[in-house]
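Participant: entry_24.csv is reproduced in full below (CSV, C-alpha atoms and all ligand atoms).
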```
chain,number,residue,atom,x,y,z
A,1,MET,CA,182.0,125.3,105.2
A,2,LYS,CA,185.5,124.3,104.3
A,3,PHE,CA,187.1,125.0,100.9
A,4,ASP,CA,190.5,123.3,100.1
A,5,VAL,CA,192.0,124.8,97.0
A,6,LEU,CA,194.7,123.0,95.1
A,7,THR,CA,196.6,125.6,93.0
A,8,LEU,CA,200.1,126.6,91.8
A,9,PHE,CA,199.2,130.3,92.5
A,10,PRO,CA,197.8,130.5,96.1
A,11,GLU,CA,198.8,134.2,96.3
A,12,MET,CA,196.0,135.0,93.8
A,13,PHE,CA,193.5,134.1,96.5
A,14,GLU,CA,194.7,137.0,98.8
A,15,ALA,CA,192.2,139.2,96.9
A,16,MET,CA,189.4,137.3,98.6
A,17,LYS,CA,190.4,138.4,102.1
A,18,THR,CA,188.7,141.8,101.6
A,19,SER,CA,185.0,141.8,100.8
A,20,ILE,CA,182.1,139.8,102.4
A,21,VAL,CA,184.0,136.6,101.9
A,22,GLY,CA,186.9,138.0,104.0
A,23,LYS,CA,184.4,138.9,106.8
A,24,ALA,CA,183.0,135.3,106.7
A,25,ILE,CA,186.5,133.9,107.0
A,26,GLU,CA,187.1,136.1,110.1
A,27,LYS,CA,183.8,135.0,111.6
A,28,ASN,CA,184.9,131.3,111.0
A,29,ILE,CA,181.7,130.7,108.9
A,30,ILE,CA,183.9,129.6,106.0
A,31,ASP,CA,187.5,128.3,106.0
A,32,ILE,CA,189.6,128.6,102.8
A,33,ASN,CA,192.7,126.4,103.0
A,34,LEU,CA,195.2,126.9,100.1
A,35,ILE,CA,197.4,124.0,99.1
A,36,ASN,CA,200.3,124.9,96.9
A,37,ILE,CA,200.7,122.0,94.5
A,38,ARG,CA,204.4,122.9,94.2
A,39,ASP,CA,205.0,121.9,97.8
A,40,PHE,CA,204.5,118.3,96.6
A,41,SER,CA,207.2,118.3,93.9
A,42,LYS,CA,209.9,115.7,94.6
A,43,ASP,CA,212.2,117.6,92.3
A,44,LYS,CA,215.2,119.4,93.7
A,45,HIS,CA,214.1,122.5,91.7
A,46,LYS,CA,210.4,122.2,92.8
A,47,LYS,CA,209.4,121.5,89.2
A,48,VAL,CA,205.8,120.5,88.7
A,49,ASP,CA,205.3,120.5,85.0
A,50,ASP,CA,206.9,119.0,81.8
A,51,THR,CA,206.5,119.1,78.1
A,52,PRO,CA,203.5,117.5,76.5
A,53,TYR,CA,203.9,113.9,75.0
A,54,GLY,CA,203.2,114.2,71.3
A,55,GLY,CA,204.7,117.6,71.1
A,56,GLY,CA,203.2,121.1,71.0
A,57,ALA,CA,203.5,124.3,72.9
A,58,GLY,CA,203.6,124.9,76.6
A,59,MET,CA,203.8,122.7,79.7
A,60,VAL,CA,201.5,120.2,81.3
A,61,ILE,CA,201.2,119.7,85.1
A,62,ARG,CA,202.5,116.3,86.2
A,63,PRO,CA,199.9,113.8,87.5
A,64,ASP,CA,202.0,112.5,90.4
A,65,VAL,CA,202.4,115.9,92.0
A,66,VAL,CA,198.7,116.7,91.8
A,67,TYR,CA,197.9,113.3,93.2
A,68,ASP,CA,200.2,113.7,96.2
A,69,ALA,CA,198.8,117.2,96.8
A,70,TYR,CA,195.2,115.8,96.8
A,71,LYS,CA,196.2,112.9,99.1
A,72,SER,CA,197.5,115.3,101.7
A,73,ILE,CA,193.9,116.5,102.2
A,74,ASP,CA,191.4,114.5,104.4
A,75,SER,CA,188.8,114.0,101.7
A,76,GLU,CA,186.3,112.0,103.7
A,77,ASN,CA,182.8,113.5,103.0
A,78,ALA,CA,184.4,116.0,100.6
A,79,LYS,CA,183.3,116.8,97.1
A,80,LEU,CA,186.1,117.3,94.5
A,81,ILE,CA,185.6,120.0,91.8
A,82,TYR,CA,187.9,120.6,88.9
A,83,MET,CA,187.6,124.1,87.4
A,84,SER,CA,187.7,123.3,83.7
A,85,PRO,CA,186.3,124.7,80.4
A,86,GLN,CA,185.1,121.2,79.8
A,87,GLY,CA,182.7,121.4,82.8
A,88,LYS,CA,179.1,122.2,83.0
A,89,LYS,CA,178.5,126.0,83.2
A,90,LEU,CA,178.1,127.2,86.8
A,91,ASP,CA,174.6,128.6,87.3
A,92,GLN,CA,172.6,129.7,90.4
A,93,LYS,CA,171.0,126.2,90.7
A,94,LYS,CA,174.5,124.6,90.9
A,95,VAL,CA,175.6,127.3,93.4
A,96,GLU,CA,172.7,126.5,95.7
A,97,GLU,CA,173.4,122.7,95.4
A,98,LEU,CA,177.1,123.2,96.3
A,99,SER,CA,176.3,125.4,99.2
A,100,LYS,CA,174.7,122.4,100.9
A,101,GLU,CA,178.1,120.6,101.0
A,102,LYS,CA,180.3,120.6,104.1
A,103,HIS,CA,183.6,120.4,102.4
A,104,LEU,CA,184.6,121.3,98.8
A,105,ILE,CA,188.1,120.5,97.4
A,106,ILE,CA,188.7,122.7,94.3
A,107,LEU,CA,191.4,121.8,91.8
A,108,CYS,CA,192.8,124.6,89.5
A,109,GLY,CA,194.7,124.0,86.3
A,110,HIS,CA,197.3,126.2,84.7
A,111,TYR,CA,199.6,126.3,81.6
A,112,GLU,CA,198.2,123.8,79.1
A,113,GLY,CA,196.4,121.9,81.9
A,114,ILE,CA,196.9,118.8,84.1
A,115,ASP,CA,197.9,115.3,82.9
A,116,GLN,CA,194.6,113.5,82.1
A,117,ARG,CA,195.4,110.4,84.0
A,118,VAL,CA,195.1,112.1,87.4
A,119,ILE,CA,191.9,113.7,86.4
A,120,ASP,CA,190.5,110.3,85.4
A,121,LYS,CA,191.8,108.7,88.6
A,122,LEU,CA,190.3,111.4,90.9
A,123,ASN,CA,187.1,111.6,88.9
A,124,PRO,CA,186.2,115.2,89.9
A,125,GLU,CA,183.0,117.0,89.0
A,126,GLU,CA,184.1,119.5,86.3
A,127,VAL,CA,182.7,123.0,86.6
A,128,SER,CA,183.2,125.9,84.2
A,129,ILE,CA,182.4,129.6,84.7
A,130,GLY,CA,181.9,130.4,81.0
A,131,ASP,CA,183.2,130.1,77.5
A,132,TYR,CA,186.3,132.2,77.1
A,133,VAL,CA,190.0,131.4,77.3
A,134,LEU,CA,191.7,131.9,80.6
A,135,THR,CA,195.3,131.4,81.9
A,136,GLY,CA,194.2,129.3,84.9
A,137,GLY,CA,191.4,127.9,87.0
A,138,GLU,CA,192.1,130.3,89.9
A,139,LEU,CA,189.7,133.1,88.9
A,140,PRO,CA,187.0,130.5,88.3
A,141,ALA,CA,187.6,129.0,91.7
A,142,MET,CA,187.3,132.4,93.3
A,143,VAL,CA,184.0,133.0,91.4
A,144,LEU,CA,182.7,129.6,92.7
A,145,ILE,CA,183.8,130.3,96.3
A,146,ASP,CA,182.3,133.8,96.2
A,147,SER,CA,178.9,132.6,94.9
A,148,VAL,CA,178.7,129.6,97.1
A,149,SER,CA,179.7,131.5,100.3
A,150,ARG,CA,176.8,133.9,99.9
A,151,TYR,CA,174.5,131.0,100.5
A,152,ILE,CA,176.0,129.9,103.8
A,153,ASP,CA,174.0,131.0,106.9
A,154,GLY,CA,175.5,134.1,108.5
A,155,VAL,CA,177.5,135.3,105.5
A,156,LEU,CA,175.0,137.8,104.4
A,157,SER,CA,172.7,140.0,106.5
A,158,GLU,CA,169.2,138.4,107.0
A,159,THR,CA,167.3,140.8,104.7
A,160,SER,CA,169.5,140.5,101.7
A,161,THR,CA,169.0,136.8,101.2
A,162,ASP,CA,165.2,136.5,101.3
A,163,GLU,CA,164.4,139.9,99.6
A,164,GLU,CA,167.0,139.9,96.8
A,165,SER,CA,165.4,139.8,93.4
A,166,PHE,CA,168.1,137.7,91.8
A,167,SER,CA,167.5,134.7,93.9
A,168,ASP,CA,164.1,134.3,92.2
A,169,GLY,CA,165.8,134.1,88.8
A,170,LEU,CA,164.8,137.5,87.5
A,171,LEU,CA,167.1,140.4,86.9
A,172,GLU,CA,167.1,143.2,89.5
A,173,TYR,CA,164.8,146.2,89.4
A,174,PRO,CA,166.6,149.6,89.2
A,175,GLN,CA,168.0,151.0,92.4
A,176,TYR,CA,168.2,154.7,93.4
A,177,THR,CA,169.7,156.7,96.3
A,178,ARG,CA,170.4,160.3,97.1
A,179,PRO,CA,170.3,162.9,95.6
A,180,GLU,CA,166.6,163.0,94.8
A,181,VAL,CA,167.4,164.9,91.5
A,182,PHE,CA,170.5,164.1,89.5
A,183,MET,CA,171.2,166.0,86.2
A,184,LYS,CA,167.5,167.0,86.1
A,185,GLU,CA,166.4,163.3,86.5
A,186,LYS,CA,164.1,162.7,89.5
A,187,VAL,CA,163.9,159.4,91.4
A,188,PRO,CA,160.7,157.5,90.4
A,189,GLU,CA,157.8,159.0,92.5
A,190,VAL,CA,156.5,155.7,93.8
A,191,LEU,CA,159.8,155.0,95.7
A,192,ILE,CA,159.4,158.3,97.6
A,193,SER,CA,155.7,157.7,98.3
A,194,GLY,CA,156.2,155.4,101.3
A,195,HIS,CA,153.4,153.1,99.9
A,196,HIS,CA,155.1,149.7,100.4
A,197,GLU,CA,152.5,147.8,98.5
A,198,ASN,CA,152.9,150.0,95.4
A,199,ILE,CA,156.7,149.9,95.7
A,200,LYS,CA,156.7,146.1,95.8
A,201,LYS,CA,154.4,145.9,92.8
A,202,TRP,CA,156.5,148.5,90.8
A,203,ARG,CA,159.7,146.6,91.6
A,204,ARG,CA,158.3,143.3,90.5
A,205,GLN,CA,157.0,144.8,87.2
A,206,LYS,CA,160.4,146.5,86.6
A,207,SER,CA,162.2,143.1,87.2
A,208,LEU,CA,159.9,141.4,84.7
A,209,GLU,CA,160.3,144.2,82.1
A,210,ILE,CA,164.1,144.3,82.4
A,211,THR,CA,164.4,140.5,82.2
A,212,TYR,CA,162.1,140.3,79.2
A,213,LYS,CA,164.0,143.1,77.4
A,214,LYS,CA,167.6,142.1,78.2
A,215,ARG,CA,167.7,138.4,79.0
A,216,PRO,CA,164.4,136.8,77.8
A,217,GLU,CA,165.9,133.3,78.0
A,218,LEU,CA,165.9,133.6,81.8
A,219,LEU,CA,162.1,133.6,81.8
A,220,ASN,CA,162.1,130.0,80.5
A,221,LYS,CA,163.7,128.8,83.8
A,222,ILE,CA,161.1,130.2,86.2
A,223,THR,CA,157.4,129.9,86.9
A,224,LEU,CA,155.3,133.1,86.5
A,225,THR,CA,151.7,133.7,87.6
A,226,GLU,CA,149.0,134.2,84.9
A,227,LYS,CA,149.0,137.9,85.9
A,228,GLU,CA,152.7,138.2,85.3
A,229,LYS,CA,152.6,136.4,81.9
A,230,ASN,CA,149.8,138.8,80.9
A,231,TYR,CA,151.9,141.8,82.1
A,232,ILE,CA,154.8,140.6,79.8
A,233,LYS,CA,152.3,140.1,76.9
A,234,ASN,CA,151.1,143.7,77.3
A,235,LEU,CA,154.7,145.0,77.2
A,236,ASN,CA,154.9,143.5,73.7
A,237,GLU,CA,151.7,145.2,72.5
A,238,GLU,CA,152.9,148.6,73.8
A,239,VAL,CA,155.7,148.8,71.2
A,301,LIG,N1,191.1,127.3,81.2
A,301,LIG,C1,188.1,127.0,75.7
A,301,LIG,C2,188.5,125.9,75.0
A,301,LIG,C3,189.8,125.4,75.2
A,301,LIG,C4,190.6,125.8,76.3
A,301,LIG,C5,190.1,126.9,77.0
A,301,LIG,C6,190.9,127.4,78.1
A,301,LIG,C7,193.4,127.4,82.0
A,301,LIG,C8,194.6,125.2,82.2
A,301,LIG,C9,192.4,125.2,81.1
A,301,LIG,C10,188.6,128.6,81.1
A,301,LIG,C11,187.3,129.1,81.1
A,301,LIG,C12,186.4,128.8,82.1
A,301,LIG,C13,188.0,126.8,84.4
A,301,LIG,C14,188.9,127.5,76.8
A,301,LIG,C15,188.0,127.6,83.3
A,301,LIG,C16,189.0,127.8,82.3
A,301,LIG,C17,186.8,128.1,83.1
A,301,LIG,C18,190.4,127.2,82.3
A,301,LIG,C19,194.7,126.7,82.0
A,301,LIG,C20,193.7,124.6,81.1
A,301,LIG,C21,192.4,126.8,81.0
A,301,LIG,C22,185.8,127.6,76.6
A,301,LIG,C23,186.9,129.2,75.1
A,301,LIG,C24,186.1,127.0,74.2
A,301,LIG,C25,192.9,127.1,79.6
A,301,LIG,C26,186.7,127.7,75.4
A,301,LIG,N2,186.0,127.7,84.2
A,301,LIG,N3,192.0,126.7,78.6
A,301,LIG,O1,190.6,128.5,78.7
A,301,LIG,O2,190.8,126.7,83.3
A,301,LIG,O3,186.8,127.0,85.0
```
Take the structure from the file and write it as C-alpha cells.
Facilitator:
Amino acid sequence: MKFDVLTLFPEMFEAMKTSIVGKAIEKNIIDINLINIRDFSKDKHKKVDDTPYGGGAGMVIRPDVVYDAYKSIDSENAKLIYMSPQGKKLDQKKVEELSKEKHLIILCGHYEGIDQRVIDKLNPEEVSIGDYVLTGGELPAMVLIDSVSRYIDGVLSETSTDEESFSDGLLEYPQYTRPEVFMKEKVPEVLISGHHENIKKWRRQKSLEITYKKRPELLNKITLTEKEKNYIKNLNEEV
C-alpha cells in the first residue's frame, strides 16, 4: 500500500520509522512518500501562507501551492483524505475500509488551515481522529497510517491479527506475564492451568465484563450470543 502525505512538516513523520510501521516500510509492504508542500511555493522566500481575508489571527495556507503539490502526485486510483476536525471520526470500521485501498493521499493542514477553495476543488474525504484542538493534521495522519498499516497482509505476525480481542469490537481481557507473584498478587489460576478451553472462556468473559463496565456504548456496535447477553445481565445482578 502506498501513502502519499502532503505536509509542511515532513520531519514529523521520522518518528514512524521505528516501530512495526518502520519494519513494514523496510519490507516494502507499505511505502510512505512525504511531499513537502513548501517545495511547490513559487515565492522567492518559499512562502506558502498568507493572512486571512476578513481579518483575524494567524495564517492560512494558499490554495495554489496545495493544488500544485497535489498535482505532482499520480492520483489515478488513489483516494484523497484530508485530516480535519470537520471530518467523520476515525473508527475501526473506517480503518478496515481504508486498508482495502491501494493508494491513499493524505493532506495535512497547519496554522489556521488551508484556503477552502482548494479543499472544495479536490473534494477529499475528511477524516478526524477526535474532538480536541491540535496544531496540525500530521499527528492525525500518523494515527491513520499506523492503524491502517496493521491491517495490511504481512505487517503483523499471523497470530496477532485473528486472535486479538480488539478486532471483535470488545475491549481486551487483562494480560499477565512473569513474575507469577507481584507484590503478593498472584496471576489468575486459570491462566497457569494449561486448560485452553477454560482460558478462552475466562478471557471472553473478562472482555465482556471490562467492556460493559468501562465502555458500555461499544456493546451496541456488536452482535452478542444469547449466552453472552445473559452473562452481562448477571453482572448487573451481582452488584
Ligand atoms: N486541527 C475543533 C474545532 C475547531 C478547530 C479545531 C482544530 C490543525 C489546521 C485544523 C484537530 C483534531 C482532530 C485533523 C478543533 C485534526 C485536527 C483532527 C486539526 C491546524 C486546521 C487544526 C474538534 C475541538 C471542536 C486546528 C474541535 N483530526 N483546528 O484543532 O487538523 O484530523
Participant: Which residues are near region 124-138 of chain A? Cut-off 7 Å, all atoms listed in the file, ignore same chain within fewer than 5 positions. Put them as a ChimeraX atom specification.
Facilitator: /A:80-90,108-111,119
Participant: Which distance in Å separates CA of Glu14 (chain A) and CA of Ser157 (chain A), to one decimal?
Facilitator: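 Result for CA of Glu14 (chain A) versus CA of Ser157 (chain A): 23.5 Å, one decimal.
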Participant: Write out as a VMD selection string each polymer residue whose atoms come within 7 Å of region 141-148 of chain A, counting all atoms listed in the file; drop sequence neighbours fewer than 2 positions from it.
Facilitator: chain A and resid 21 83 95 to 96 98 to 99 106 137 to 139 150 to 151
Participant: Next, write the just-selected residues to a file, as a PDB file, in the frame of the given file, keeping C-alpha atoms as the atom set.
Facilitator:
```
ATOM      1  CA  VAL A  21     184.000 136.600 101.900  1.00  0.00           C
ATOM      2  CA  MET A  83     187.600 124.100  87.400  1.00  0.00           C
ATOM      3  CA  VAL A  95     175.600 127.300  93.400  1.00  0.00           C
ATOM      4  CA  GLU A  96     172.700 126.500  95.700  1.00  0.00           C
ATOM      5  CA  LEU A  98     177.100 123.200  96.300  1.00  0.00           C
ATOM      6  CA  SER A  99     176.300 125.400  99.200  1.00  0.00           C
ATOM      7  CA  ILE A 106     188.700 122.700  94.300  1.00  0.00           C
ATOM      8  CA  GLY A 137     191.400 127.900  87.000  1.00  0.00           C
ATOM      9  CA  GLU A 138     192.100 130.300  89.900  1.00  0.00           C
ATOM     10  CA  LEU A 139     189.700 133.100  88.900  1.00  0.00           C
ATOM     11  CA  ARG A 150     176.800 133.900  99.900  1.00  0.00           C
ATOM     12  CA  TYR A 151     174.500 131.000 100.500  1.00  0.00           C
TER      13      TYR A 151
END
```
Participant: Counting all atoms listed in the file, which of A:Asp115, A:Arg215, A:Asn198, A:Ser207 gets nearest to ligand LIG 301 (chain A)?
Facilitator: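 Distance minimum relative to ligand LIG 301 (chain A) lands on A:Asp115.
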Participant: I'd like the neighbourhood of Val48 (chain A) as a ChimeraX atom specification, where a residue qualifies if any of its atoms comes within 10 Å (using all atoms listed in the file), though same-chain residues fewer than 6 positions away should be ignored.
Facilitator: /A:8,37-42,59-66
Participant: Name the closest residue to ligand LIG 301 (chain A) among the candidates A:Ile25, A:Leu107, A:Ile30, A:Val181; distances are taken between atoms, counting all atoms listed in the file.
Facilitator: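 Nearest candidate to ligand LIG 301 (chain A) out of A:Ile25, A:Leu107, A:Ile30, A:Val181: A:Leu107.
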Participant: For a cut-off of 12 Å around (159.0, 147.6, 95.9), file coordinates, pick out all residues using all atoms listed in the file and list them as a PyMOL selection string.
Facilitator: chain A and resi 163-165+172-176+188-207
Participant: Of the candidates A:Asn33, A:Asn230, A:Thr225, A:Thr7, which one gets nearest to ligand LIG 301 (chain A) if we count only C-alpha atoms and all ligand atoms?
Facilitator: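 The answer is A:Thr7, which sits nearest to ligand LIG 301 (chain A).
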Participant: Could you state the separation of CA of Glu237 (chain A) and CA of Leu208 (chain A) in Å, given to one decimal place?
Facilitator: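 Pair CA of Glu237 (chain A) / CA of Leu208 (chain A) returns 15.2 Å.
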Participant: Between A:Glu97, A:Asp168, A:Asp91, A:Asp50, which residue has the minimum interatomic distance to Glu112 (chain A), considering only C-alpha atoms?
Facilitator: A:Asp50
Participant: Give as a list of chain:residue names every residue, naming chains and numbers as the document does, that has an atom within 6 Å of (175.0, 124.7, 102.3), counting all atoms listed in the file.
Facilitator: A:Ser99, A:Lys100, A:Glu101, A:Ile152
Participant: Reconstruct N, CA, C and O atoms of region 74-98 of chain A; output as a PDB file, in the frame of the given file.
Facilitator:
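Final output, selection_17.pdb:
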```pdb
ATOM      1  N   ASP A  74     192.375 115.518 103.929  1.00  0.00           N
ATOM      2  CA  ASP A  74     191.400 114.500 104.400  1.00  0.00           C
ATOM      3  C   ASP A  74     190.136 114.729 103.594  1.00  0.00           C
ATOM      4  O   ASP A  74     189.392 115.688 103.800  1.00  0.00           O
ATOM      5  N   SER A  75     189.910 113.802 102.656  1.00  0.00           N
ATOM      6  CA  SER A  75     188.800 114.000 101.700  1.00  0.00           C
ATOM      7  C   SER A  75     187.548 113.231 102.035  1.00  0.00           C
ATOM      8  O   SER A  75     186.618 113.164 101.235  1.00  0.00           O
ATOM      9  N   GLU A  76     187.496 112.666 103.258  1.00  0.00           N
ATOM     10  CA  GLU A  76     186.300 112.000 103.700  1.00  0.00           C
ATOM     11  C   GLU A  76     185.131 112.985 103.722  1.00  0.00           C
ATOM     12  O   GLU A  76     185.266 114.076 104.283  1.00  0.00           O
ATOM     13  N   ASN A  77     184.019 112.627 103.088  1.00  0.00           N
ATOM     14  CA  ASN A  77     182.800 113.500 103.000  1.00  0.00           C
ATOM     15  C   ASN A  77     183.061 114.789 102.210  1.00  0.00           C
ATOM     16  O   ASN A  77     182.291 115.738 102.347  1.00  0.00           O
ATOM     17  N   ALA A  78     184.132 114.820 101.409  1.00  0.00           N
ATOM     18  CA  ALA A  78     184.400 116.000 100.600  1.00  0.00           C
ATOM     19  C   ALA A  78     183.971 115.789  99.166  1.00  0.00           C
ATOM     20  O   ALA A  78     183.970 114.665  98.681  1.00  0.00           O
ATOM     21  N   LYS A  79     183.603 116.893  98.503  1.00  0.00           N
ATOM     22  CA  LYS A  79     183.300 116.800  97.100  1.00  0.00           C
ATOM     23  C   LYS A  79     184.420 117.495  96.325  1.00  0.00           C
ATOM     24  O   LYS A  79     184.813 118.617  96.651  1.00  0.00           O
ATOM     25  N   LEU A  80     184.955 116.772  95.308  1.00  0.00           N
ATOM     26  CA  LEU A  80     186.100 117.300  94.500  1.00  0.00           C
ATOM     27  C   LEU A  80     185.521 117.966  93.238  1.00  0.00           C
ATOM     28  O   LEU A  80     184.772 117.353  92.472  1.00  0.00           O
ATOM     29  N   ILE A  81     185.953 119.197  93.037  1.00  0.00           N
ATOM     30  CA  ILE A  81     185.600 120.000  91.800  1.00  0.00           C
ATOM     31  C   ILE A  81     186.810 120.373  91.084  1.00  0.00           C
ATOM     32  O   ILE A  81     187.769 120.871  91.670  1.00  0.00           O
ATOM     33  N   TYR A  82     186.789 120.148  89.762  1.00  0.00           N
ATOM     34  CA  TYR A  82     187.900 120.600  88.900  1.00  0.00           C
ATOM     35  C   TYR A  82     187.369 121.734  88.055  1.00  0.00           C
ATOM     36  O   TYR A  82     186.428 121.569  87.272  1.00  0.00           O
ATOM     37  N   MET A  83     187.961 122.924  88.239  1.00  0.00           N
ATOM     38  CA  MET A  83     187.600 124.100  87.400  1.00  0.00           C
ATOM     39  C   MET A  83     188.129 123.852  86.040  1.00  0.00           C
ATOM     40  O   MET A  83     189.348 123.786  85.851  1.00  0.00           O
ATOM     41  N   SER A  84     187.241 123.711  85.076  1.00  0.00           N
ATOM     42  CA  SER A  84     187.700 123.300  83.700  1.00  0.00           C
ATOM     43  C   SER A  84     186.707 123.847  82.676  1.00  0.00           C
ATOM     44  O   SER A  84     185.486 123.814  82.881  1.00  0.00           O
ATOM     45  N   PRO A  85     187.229 124.302  81.526  1.00  0.00           N
ATOM     46  CA  PRO A  85     186.300 124.700  80.400  1.00  0.00           C
ATOM     47  C   PRO A  85     185.482 123.584  79.910  1.00  0.00           C
ATOM     48  O   PRO A  85     184.514 123.806  79.194  1.00  0.00           O
ATOM     49  N   GLN A  86     185.850 122.339  80.277  1.00  0.00           N
ATOM     50  CA  GLN A  86     185.100 121.200  79.800  1.00  0.00           C
ATOM     51  C   GLN A  86     183.892 120.866  80.745  1.00  0.00           C
ATOM     52  O   GLN A  86     183.096 119.974  80.455  1.00  0.00           O
ATOM     53  N   GLY A  87     183.786 121.608  81.852  1.00  0.00           N
ATOM     54  CA  GLY A  87     182.700 121.400  82.800  1.00  0.00           C
ATOM     55  C   GLY A  87     181.389 121.972  82.419  1.00  0.00           C
ATOM     56  O   GLY A  87     181.304 122.764  81.475  1.00  0.00           O
ATOM     57  N   LYS A  88     180.373 121.606  83.175  1.00  0.00           N
ATOM     58  CA  LYS A  88     179.100 122.200  83.000  1.00  0.00           C
ATOM     59  C   LYS A  88     179.131 123.645  83.525  1.00  0.00           C
ATOM     60  O   LYS A  88     179.790 123.911  84.524  1.00  0.00           O
ATOM     61  N   LYS A  89     178.467 124.538  82.853  1.00  0.00           N
ATOM     62  CA  LYS A  89     178.500 126.000  83.200  1.00  0.00           C
ATOM     63  C   LYS A  89     177.865 126.180  84.591  1.00  0.00           C
ATOM     64  O   LYS A  89     176.763 125.722  84.855  1.00  0.00           O
ATOM     65  N   LEU A  90     178.574 126.900  85.440  1.00  0.00           N
ATOM     66  CA  LEU A  90     178.100 127.200  86.800  1.00  0.00           C
ATOM     67  C   LEU A  90     176.854 128.149  86.660  1.00  0.00           C
ATOM     68  O   LEU A  90     176.928 129.184  86.021  1.00  0.00           O
ATOM     69  N   ASP A  91     175.748 127.745  87.272  1.00  0.00           N
ATOM     70  CA  ASP A  91     174.600 128.600  87.300  1.00  0.00           C
ATOM     71  C   ASP A  91     174.089 128.669  88.794  1.00  0.00           C
ATOM     72  O   ASP A  91     174.616 127.970  89.661  1.00  0.00           O
ATOM     73  N   GLN A  92     173.079 129.489  89.049  1.00  0.00           N
ATOM     74  CA  GLN A  92     172.600 129.700  90.400  1.00  0.00           C
ATOM     75  C   GLN A  92     172.083 128.399  91.054  1.00  0.00           C
ATOM     76  O   GLN A  92     172.208 128.193  92.258  1.00  0.00           O
ATOM     77  N   LYS A  93     171.530 127.518  90.213  1.00  0.00           N
ATOM     78  CA  LYS A  93     171.000 126.200  90.700  1.00  0.00           C
ATOM     79  C   LYS A  93     172.178 125.383  91.254  1.00  0.00           C
ATOM     80  O   LYS A  93     172.092 124.814  92.345  1.00  0.00           O
ATOM     81  N   LYS A  94     173.278 125.337  90.492  1.00  0.00           N
ATOM     82  CA  LYS A  94     174.500 124.600  90.900  1.00  0.00           C
ATOM     83  C   LYS A  94     175.081 125.232  92.178  1.00  0.00           C
ATOM     84  O   LYS A  94     175.532 124.541  93.092  1.00  0.00           O
ATOM     85  N   VAL A  95     175.080 126.567  92.233  1.00  0.00           N
ATOM     86  CA  VAL A  95     175.600 127.300  93.400  1.00  0.00           C
ATOM     87  C   VAL A  95     174.846 126.866  94.663  1.00  0.00           C
ATOM     88  O   VAL A  95     175.452 126.527  95.686  1.00  0.00           O
ATOM     89  N   GLU A  96     173.518 126.854  94.578  1.00  0.00           N
ATOM     90  CA  GLU A  96     172.700 126.500  95.700  1.00  0.00           C
ATOM     91  C   GLU A  96     172.948 125.027  96.141  1.00  0.00           C
ATOM     92  O   GLU A  96     173.038 124.718  97.331  1.00  0.00           O
ATOM     93  N   GLU A  97     173.106 124.169  95.161  1.00  0.00           N
ATOM     94  CA  GLU A  97     173.400 122.700  95.400  1.00  0.00           C
ATOM     95  C   GLU A  97     174.739 122.585  96.130  1.00  0.00           C
ATOM     96  O   GLU A  97     174.829 121.882  97.137  1.00  0.00           O
ATOM     97  N   LEU A  98     175.763 123.286  95.647  1.00  0.00           N
ATOM     98  CA  LEU A  98     177.100 123.200  96.300  1.00  0.00           C
ATOM     99  C   LEU A  98     177.129 123.775  97.663  1.00  0.00           C
ATOM    100  O   LEU A  98     177.895 123.323  98.520  1.00  0.00           O
TER     101      LEU A  98
END
```
